[in-house]
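*Asks:* Just so it is clear, I am handing over work-v6.pdb, which has PDB, C-alpha atoms.
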```
MODEL        1
ATOM      1  CA  MET A  19       8.183  -6.052  12.258
ATOM      2  CA  ILE A  20       6.123  -3.848   9.955
ATOM      3  CA  LEU A  21       6.778  -3.906   6.203
ATOM      4  CA  ILE A  22       5.676  -0.761   4.336
ATOM      5  CA  THR A  23       5.718  -0.580   0.533
ATOM      6  CA  GLY A  24       5.814   2.700  -1.345
ATOM      7  CA  ALA A  25       7.682   4.078   1.662
ATOM      8  CA  SER A  26       9.923   6.525  -0.200
ATOM      9  CA  SER A  27       7.227   9.228  -0.318
ATOM     10  CA  GLY A  28       3.623  10.168   0.415
ATOM     11  CA  LEU A  29       1.472   8.024   2.683
ATOM     12  CA  GLY A  30       4.080   5.263   2.963
ATOM     13  CA  ALA A  31       6.743   7.656   4.238
ATOM     14  CA  ALA A  32       4.261   9.314   6.622
ATOM     15  CA  LEU A  33       3.271   5.933   8.095
ATOM     16  CA  ALA A  34       6.930   4.979   8.447
ATOM     17  CA  ALA A  35       7.529   8.159  10.481
ATOM     18  CA  LEU A  36       4.618   7.425  12.822
ATOM     19  CA  TYR A  37       5.633   3.826  13.454
ATOM     20  CA  ALA A  38       9.285   4.790  13.935
ATOM     21  CA  LYS A  39       8.238   7.207  16.686
ATOM     22  CA  ASP A  40       6.340   4.282  18.259
ATOM     23  CA  ASN A  41       9.640   2.395  18.300
ATOM     24  CA  GLN A  42       8.472  -0.281  15.874
ATOM     25  CA  ALA A  43      10.912  -2.349  13.848
ATOM     26  CA  LEU A  44      10.403  -1.409  10.195
ATOM     27  CA  THR A  45      11.359  -2.597   6.743
ATOM     28  CA  LEU A  46      10.717  -0.016   4.057
ATOM     29  CA  THR A  47      10.536  -0.798   0.363
ATOM     30  CA  GLY A  48      10.059   1.166  -2.837
ATOM     31  CA  ARG A  49      11.365   1.433  -6.379
ATOM     32  CA  ASP A  50      13.656   4.433  -5.805
ATOM     33  CA  ALA A  51      16.599   3.167  -3.730
ATOM     34  CA  ASN A  52      18.080   6.620  -3.077
ATOM     35  CA  ARG A  53      14.842   8.175  -1.789
ATOM     36  CA  LEU A  54      14.090   5.036   0.219
ATOM     37  CA  HIS A  55      17.402   5.089   2.051
ATOM     38  CA  THR A  56      17.052   8.825   2.656
ATOM     39  CA  VAL A  57      13.718   8.192   4.406
ATOM     40  CA  ALA A  58      15.097   5.274   6.439
ATOM     41  CA  ASN A  59      18.196   7.207   7.525
ATOM     42  CA  ALA A  60      16.106  10.203   8.592
ATOM     43  CA  LEU A  61      13.920   7.997  10.802
ATOM     44  CA  SER A  62      16.677   6.012  12.531
ATOM     45  CA  PRO A  63      17.324   8.630  15.279
ATOM     46  CA  PHE A  64      13.679   8.337  16.409
ATOM     47  CA  SER A  65      13.783   4.595  17.110
ATOM     48  CA  THR A  66      15.935   2.082  18.924
ATOM     49  CA  GLN A  67      14.474  -0.632  16.699
ATOM     50  CA  SER A  68      15.825  -1.677  13.316
ATOM     51  CA  ILE A  69      14.754   0.436  10.326
ATOM     52  CA  SER A  70      15.936  -1.152   7.102
ATOM     53  CA  ALA A  71      15.377  -0.305   3.452
ATOM     54  CA  ILE A  72      15.169  -2.792   0.589
ATOM     55  CA  SER A  73      14.466  -1.470  -2.903
ATOM     56  CA  ALA A  74      12.173  -3.673  -4.981
ATOM     57  CA  ASP A  75      10.076  -3.696  -8.128
ATOM     58  CA  LEU A  76       6.865  -5.321  -6.913
ATOM     59  CA  ALA A  77       5.702  -5.956 -10.482
ATOM     60  CA  ASP A  78       8.621  -8.343 -10.954
ATOM     61  CA  ASP A  79       8.517 -11.923  -9.657
ATOM     62  CA  ALA A  80      12.183 -12.215  -8.819
ATOM     63  CA  SER A  81      12.303  -8.824  -7.099
ATOM     64  CA  VAL A  82       9.347  -9.684  -4.854
ATOM     65  CA  GLU A  83      10.912 -13.004  -3.904
ATOM     66  CA  ALA A  84      14.258 -11.307  -3.180
ATOM     67  CA  LEU A  85      12.503  -8.737  -0.972
ATOM     68  CA  PHE A  86      11.101 -11.440   1.302
ATOM     69  CA  ASP A  87      14.291 -13.479   1.221
ATOM     70  CA  GLY A  88      16.027 -10.348   2.518
ATOM     71  CA  LEU A  89      13.807  -9.954   5.594
ATOM     72  CA  THR A  90      15.441 -10.887   8.888
ATOM     73  CA  ASP A  91      12.063 -11.439  10.582
ATOM     74  CA  ALA A  92       8.576 -12.368   9.422
ATOM     75  CA  PRO A  93       6.328  -9.283   9.328
ATOM     76  CA  ASN A  94       3.340  -9.062  11.652
ATOM     77  CA  THR A  95       1.890  -6.233   9.536
ATOM     78  CA  VAL A  96       2.323  -5.353   5.862
ATOM     79  CA  ILE A  97       1.026  -1.993   4.612
ATOM     80  CA  HIS A  98       0.977  -1.835   0.814
ATOM     81  CA  CYS A  99       1.016   1.830  -0.230
ATOM     82  CA  ALA A 100       2.906   1.453  -3.514
ATOM     83  CA  GLY A 101       1.088   2.525  -6.662
ATOM     84  CA  SER A 102       0.822   5.258  -9.260
ATOM     85  CA  GLY A 103      -1.780   7.358 -11.037
ATOM     86  CA  TYR A 104      -2.453   8.129 -14.686
ATOM     87  CA  PHE A 105      -5.385  10.251 -15.790
ATOM     88  CA  GLY A 106      -6.945  11.928 -18.799
ATOM     89  CA  ALA A 107      -9.592  11.342 -21.444
ATOM     90  CA  LEU A 108      -9.363   7.744 -22.648
ATOM     91  CA  GLU A 109      -8.465   8.648 -26.225
ATOM     92  CA  THR A 110      -5.425  10.616 -25.042
ATOM     93  CA  GLN A 111      -3.915   7.793 -22.959
ATOM     94  CA  GLY A 112      -0.855   5.995 -24.277
ATOM     95  CA  THR A 113      -0.409   2.232 -24.336
ATOM     96  CA  SER A 114       2.892   2.226 -22.414
ATOM     97  CA  GLU A 115       1.468   4.528 -19.722
ATOM     98  CA  ILE A 116      -1.613   2.319 -19.321
ATOM     99  CA  GLN A 117       0.590  -0.770 -18.998
ATOM    100  CA  ALA A 118       2.764   0.963 -16.388
ATOM    101  CA  LEU A 119      -0.371   1.933 -14.453
ATOM    102  CA  LEU A 120      -1.565  -1.687 -14.425
ATOM    103  CA  ASN A 121       1.872  -2.971 -13.407
ATOM    104  CA  ASN A 122       2.272  -0.449 -10.594
ATOM    105  CA  ASN A 123      -1.196  -1.010  -9.155
ATOM    106  CA  VAL A 124      -2.594  -4.404 -10.154
ATOM    107  CA  THR A 125       0.375  -6.664 -10.911
ATOM    108  CA  SER A 126       2.353  -5.386  -7.932
ATOM    109  CA  THR A 127      -0.529  -6.078  -5.536
ATOM    110  CA  ILE A 128      -1.154  -9.555  -6.911
ATOM    111  CA  LEU A 129       2.506 -10.586  -6.727
ATOM    112  CA  LEU A 130       2.981  -9.111  -3.256
ATOM    113  CA  VAL A 131      -0.111 -10.772  -1.789
ATOM    114  CA  ARG A 132       0.661 -14.065  -3.536
ATOM    115  CA  GLU A 133       4.126 -14.129  -1.934
ATOM    116  CA  LEU A 134       2.674 -13.254   1.473
ATOM    117  CA  VAL A 135       0.114 -16.055   1.230
ATOM    118  CA  LYS A 136       2.743 -18.567   0.081
ATOM    119  CA  ARG A 137       5.027 -17.747   3.016
ATOM    120  CA  TYR A 138       2.757 -16.694   5.883
ATOM    121  CA  LYS A 139      -0.728 -18.078   5.259
ATOM    122  CA  GLN A 140      -0.772 -19.857   8.604
ATOM    123  CA  GLN A 141       0.498 -16.849  10.563
ATOM    124  CA  ALA A 142      -1.457 -13.962  12.088
ATOM    125  CA  VAL A 143      -0.257 -11.337   9.615
ATOM    126  CA  LYS A 144      -2.287  -8.195   8.905
ATOM    127  CA  VAL A 145      -2.055  -7.295   5.214
ATOM    128  CA  VAL A 146      -3.235  -3.740   4.591
ATOM    129  CA  ILE A 147      -3.911  -2.824   0.955
ATOM    130  CA  VAL A 148      -4.201   0.913   0.319
ATOM    131  CA  MET A 149      -6.319   1.588  -2.752
ATOM    132  CA  SER A 150      -8.399   4.714  -3.406
ATOM    133  CA  THR A 151     -11.995   5.888  -3.364
ATOM    134  CA  ALA A 152     -11.588   5.392  -7.145
ATOM    135  CA  ALA A 153     -12.121   1.694  -6.331
ATOM    136  CA  LEU A 154     -15.611   2.540  -5.052
ATOM    137  CA  ALA A 155     -17.018   4.927  -7.673
ATOM    138  CA  ALA A 156     -16.527   5.676 -11.362
ATOM    139  CA  LYS A 157     -14.830   8.980 -12.208
ATOM    140  CA  ALA A 158     -14.664  10.747 -15.566
ATOM    141  CA  GLY A 159     -11.102  11.264 -16.698
ATOM    142  CA  GLU A 160      -9.888   8.433 -14.478
ATOM    143  CA  SER A 161     -11.122   5.439 -16.498
ATOM    144  CA  THR A 162      -7.996   3.285 -16.480
ATOM    145  CA  TYR A 163      -7.097   4.331 -12.928
ATOM    146  CA  CYS A 164     -10.562   3.271 -11.744
ATOM    147  CA  ALA A 165     -10.216   0.044 -13.736
ATOM    148  CA  ALA A 166      -6.937  -0.719 -11.962
ATOM    149  CA  LYS A 167      -8.311   0.037  -8.505
ATOM    150  CA  TRP A 168     -11.536  -1.889  -9.107
ATOM    151  CA  ALA A 169      -9.397  -4.851 -10.203
ATOM    152  CA  VAL A 170      -7.395  -4.675  -6.957
ATOM    153  CA  ARG A 171     -10.593  -4.483  -4.922
ATOM    154  CA  GLY A 172     -12.006  -7.580  -6.663
ATOM    155  CA  PHE A 173      -8.736  -9.406  -6.126
ATOM    156  CA  ILE A 174      -8.575  -8.586  -2.408
ATOM    157  CA  GLU A 175     -12.199  -9.545  -1.765
ATOM    158  CA  SER A 176     -11.665 -12.846  -3.586
ATOM    159  CA  VAL A 177      -8.465 -13.710  -1.698
ATOM    160  CA  ARG A 178     -10.284 -12.952   1.555
ATOM    161  CA  LEU A 179     -12.629 -15.830   0.755
ATOM    162  CA  GLU A 180      -9.651 -18.117   0.155
ATOM    163  CA  LEU A 181      -8.209 -17.097   3.536
ATOM    164  CA  LYS A 182     -11.452 -17.515   5.480
ATOM    165  CA  GLN A 183      -9.972 -20.180   7.758
ATOM    166  CA  SER A 184      -6.526 -18.556   7.908
ATOM    167  CA  PRO A 185      -5.203 -16.284  10.692
ATOM    168  CA  MET A 186      -3.933 -13.934   7.957
ATOM    169  CA  LYS A 187      -6.269 -10.933   7.574
ATOM    170  CA  LEU A 188      -6.653  -8.634   4.558
ATOM    171  CA  ILE A 189      -7.631  -5.035   5.290
ATOM    172  CA  ALA A 190      -8.794  -2.793   2.435
ATOM    173  CA  VAL A 191      -8.208   0.964   2.697
ATOM    174  CA  TYR A 192      -9.934   3.518   0.468
ATOM    175  CA  PRO A 193      -8.441   6.998   0.981
ATOM    176  CA  GLY A 194      -9.781  10.097  -0.730
ATOM    177  CA  GLY A 195      -7.559  12.763  -2.247
ATOM    178  CA  MET A 196      -4.257  13.469  -0.498
ATOM    179  CA  ASP A 197      -1.959  16.399  -1.158
ATOM    180  CA  THR A 198       1.179  14.452  -2.096
ATOM    181  CA  GLY A 199       3.651  14.124  -4.966
ATOM    182  CA  PHE A 200       1.241  11.610  -6.503
ATOM    183  CA  TRP A 201      -0.614  14.297  -8.463
ATOM    184  CA  PRO A 202       2.205  16.069 -10.344
ATOM    185  CA  SER A 203       3.396  12.715 -11.711
ATOM    186  CA  SER A 204      -0.126  11.617 -12.678
ATOM    187  CA  GLY A 205      -0.593  14.116 -15.485
ATOM    188  CA  LYS A 206      -3.684  15.597 -13.831
ATOM    189  CA  SER A 207      -3.624  19.283 -12.945
ATOM    190  CA  LEU A 208      -5.825  20.294 -10.012
ATOM    191  CA  ASP A 209      -5.861  22.355  -6.835
ATOM    192  CA  THR A 210      -5.038  20.007  -3.945
ATOM    193  CA  SER A 211      -4.969  22.669  -1.222
ATOM    194  CA  SER A 212      -8.180  21.279   0.340
ATOM    195  CA  PHE A 213      -6.953  17.664   0.267
ATOM    196  CA  MET A 214      -5.707  15.731   3.291
ATOM    197  CA  SER A 215      -1.997  15.777   3.956
ATOM    198  CA  ALA A 216      -0.212  12.432   3.985
ATOM    199  CA  ASP A 217       0.417  12.942   7.714
ATOM    200  CA  GLU A 218      -3.310  13.406   8.400
ATOM    201  CA  ALA A 219      -4.258  10.286   6.442
ATOM    202  CA  ALA A 220      -1.468   8.272   8.073
ATOM    203  CA  GLY A 221      -2.649   9.231  11.557
ATOM    204  CA  MET A 222      -6.234   8.206  10.833
ATOM    205  CA  LEU A 223      -5.163   4.942   9.210
ATOM    206  CA  LYS A 224      -2.793   3.988  12.025
ATOM    207  CA  GLN A 225      -5.563   4.552  14.571
ATOM    208  CA  ALA A 226      -8.074   2.517  12.546
ATOM    209  CA  LEU A 227      -5.692  -0.435  12.318
ATOM    210  CA  LEU A 228      -5.796  -1.054  16.067
ATOM    211  CA  ALA A 229      -7.374  -4.438  16.726
ATOM    212  CA  THR A 230      -8.715  -6.352  19.717
ATOM    213  CA  GLU A 231      -8.330 -10.018  20.576
ATOM    214  CA  HIS A 232     -11.560 -10.898  18.785
ATOM    215  CA  GLY A 233     -12.043  -8.185  16.177
ATOM    216  CA  TYR A 234     -10.526  -5.874  13.610
ATOM    217  CA  ILE A 235     -11.750  -3.329  11.050
ATOM    218  CA  ALA A 236     -11.690  -4.983   7.630
ATOM    219  CA  ASP A 237     -12.562  -2.013   5.380
ATOM    220  CA  ILE A 238     -11.507   1.585   5.964
ATOM    221  CA  THR A 239     -12.653   4.592   3.945
ATOM    222  CA  ILE A 240     -10.854   7.852   4.675
ATOM    223  CA  GLN A 241     -12.762  10.742   3.138
ATOM    224  CA  ARG A 242     -11.316  14.198   2.711
ATOM    225  CA  GLY A 243     -13.332  16.973   4.326
TER     226      GLY A 243
ENDMDL
END
```
Can I see the file as structure tokens?
*Replies:*
Amino acid sequence: MILITGASSGLGAALAALYAKDNQALTLTGRDANRLHTVANALSPFSTQSISAISADLADDASVEALFDGLTDAPNTVIHCAGSGYFGALETQGTSEIQALLNNNVTSTILLVRELVKRYKQQAVKVVIVMSTAALAAKAGESTYCAAKWAVRGFIESVRLELKQSPMKLIAVYPGGMDTGFWPSSGKSLDTSSFMSADEAAGMLKQALLATEHGYIADITIQRG
């Protein structure tokens, strides 16, 4: 079973569509229960496998625990797409918006991965963490967003060292700009017509996640052309 977070829109929803067409059992999660169930219901005709939806706030301890308690099977792959953006000159950024950014990107990743390690550390689970190229390079006007993504990158690389002898594998993904609903809600106005679509990025990521008996790709950067 594949667990996809942030599956109610964007890259998460695009990945869910691809895996449903491959007849994979899926559990989709996100904060918006209505949008999540709409996505899951739309995909059900394409698969004979189970496609379930469980809404969850990944920045909340109890909600993360309830998500995993609600799974009928242990996941063999987890793709963490959930997150949010918030941009602008530093002096214009509000405290509550900064805190929400950190909760949606940093806290959610830490709590999700912590729960996965607690439950499945000794199992061969692929944990895919989708970040951003903002985790690789500083960007003016994206100071707190870069800070959040750099924090996630440091966290993932550190947990990898803790899992060195474990069959669980952490895979870091750094996508460039995608033309999704992410931007209108971020407060940043820009022309995204030259950006990758979510479907394009999902196809490249799904292909890159293929592994062999003795190897896998640990870090994936998906640049926009």
*Asks:* Using only C-alpha atoms, which residue out of A:Asn59, A:Val82, A:Ser68, A:Arg53 lies closest to Asn41 (chain A)?
*Replies:*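 When distances to Asn41 (chain A) are compared using only C-alpha atoms, the smallest one comes from A:Ser68.
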*Asks:* Any chance you could tabulate, as a tab-separated table, the residues of region 55-134 of chain A at most 12 Å from region 210-224 of chain A with each one's nearest atom pair and distance in Å to one decimal, using all atoms listed in the file, in chain and rising number order?
*Replies:*
```
residue	atom	partner	partner_atom	distance
A:Thr95	CA	A:Lys224	CA	11.5
A:Ile97	CA	A:Lys224	CA	10.3
A:Cys99	CA	A:Ala220	CA	10.8
```
*Asks:* Using the chain letters and residue numbers of this document, give as number ranges by chain the residues selected by the PyMOL selection byres ((chain A and resi 172-189) around 12).
*Replies:* A: 93-98, 123-132, 134-149, 153-154, 165-171, 190-192, 223, 226-229, 232-239
*Asks:* By how many Å are CA of Asn122 (chain A) and CA of Ser102 (chain A) apart?
*Replies:*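 Taking CA of Asn122 (chain A) and CA of Ser102 (chain A), their separation equals 6.0 Å.
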*Asks:* Name the residues that the PyMOL selection byres ((chain A and resi 69) around 12) picks from the file above, as JSON, numbers by chain, using the file's chain letters and numbers.
*Replies:* {"A": [19, 20, 21, 22, 25, 34, 35, 37, 38, 39, 41, 42, 43, 44, 45, 46, 47, 54, 55, 56, 57, 58, 59, 60, 61, 62, 63, 64, 65, 66, 67, 68, 70, 71, 72, 89, 90]}
*Asks:* Output C-alpha atoms for every residue in that selection, as a CSV table (one decimal), keeping the file's coordinate frame.
*Replies:*
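Full text of selection-v9.csv as output:
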```
chain,number,residue,atom,x,y,z
A,19,MET,CA,8.2,-6.1,12.3
A,20,ILE,CA,6.1,-3.8,10.0
A,21,LEU,CA,6.8,-3.9,6.2
A,22,ILE,CA,5.7,-0.8,4.3
A,25,ALA,CA,7.7,4.1,1.7
A,34,ALA,CA,6.9,5.0,8.4
A,35,ALA,CA,7.5,8.2,10.5
A,37,TYR,CA,5.6,3.8,13.5
A,38,ALA,CA,9.3,4.8,13.9
A,39,LYS,CA,8.2,7.2,16.7
A,41,ASN,CA,9.6,2.4,18.3
A,42,GLN,CA,8.5,-0.3,15.9
A,43,ALA,CA,10.9,-2.3,13.8
A,44,LEU,CA,10.4,-1.4,10.2
A,45,THR,CA,11.4,-2.6,6.7
A,46,LEU,CA,10.7,0.0,4.1
A,47,THR,CA,10.5,-0.8,0.4
A,54,LEU,CA,14.1,5.0,0.2
A,55,HIS,CA,17.4,5.1,2.1
A,56,THR,CA,17.1,8.8,2.7
A,57,VAL,CA,13.7,8.2,4.4
A,58,ALA,CA,15.1,5.3,6.4
A,59,ASN,CA,18.2,7.2,7.5
A,60,ALA,CA,16.1,10.2,8.6
A,61,LEU,CA,13.9,8.0,10.8
A,62,SER,CA,16.7,6.0,12.5
A,63,PRO,CA,17.3,8.6,15.3
A,64,PHE,CA,13.7,8.3,16.4
A,65,SER,CA,13.8,4.6,17.1
A,66,THR,CA,15.9,2.1,18.9
A,67,GLN,CA,14.5,-0.6,16.7
A,68,SER,CA,15.8,-1.7,13.3
A,70,SER,CA,15.9,-1.2,7.1
A,71,ALA,CA,15.4,-0.3,3.5
A,72,ILE,CA,15.2,-2.8,0.6
A,89,LEU,CA,13.8,-10.0,5.6
A,90,THR,CA,15.4,-10.9,8.9
```
*Asks:* Would you list the residues near (-7.4, 10.6, -17.7), meaning any protein, DNA or RNA residue with an atom at most 8 Å from that point in file coordinates, counting only C-alpha atoms, as a PyMOL selection string?
*Replies:* chain A and resi 104-108+110-111+158-163+205-206
*Asks:* What does the distance from CA of Glu83 (chain A) to CA of Glu133 (chain A) come to in Å, to one decimal?
*Replies:*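 Atom-to-atom, CA of Glu83 (chain A) to CA of Glu133 (chain A), that is 7.2 Å.
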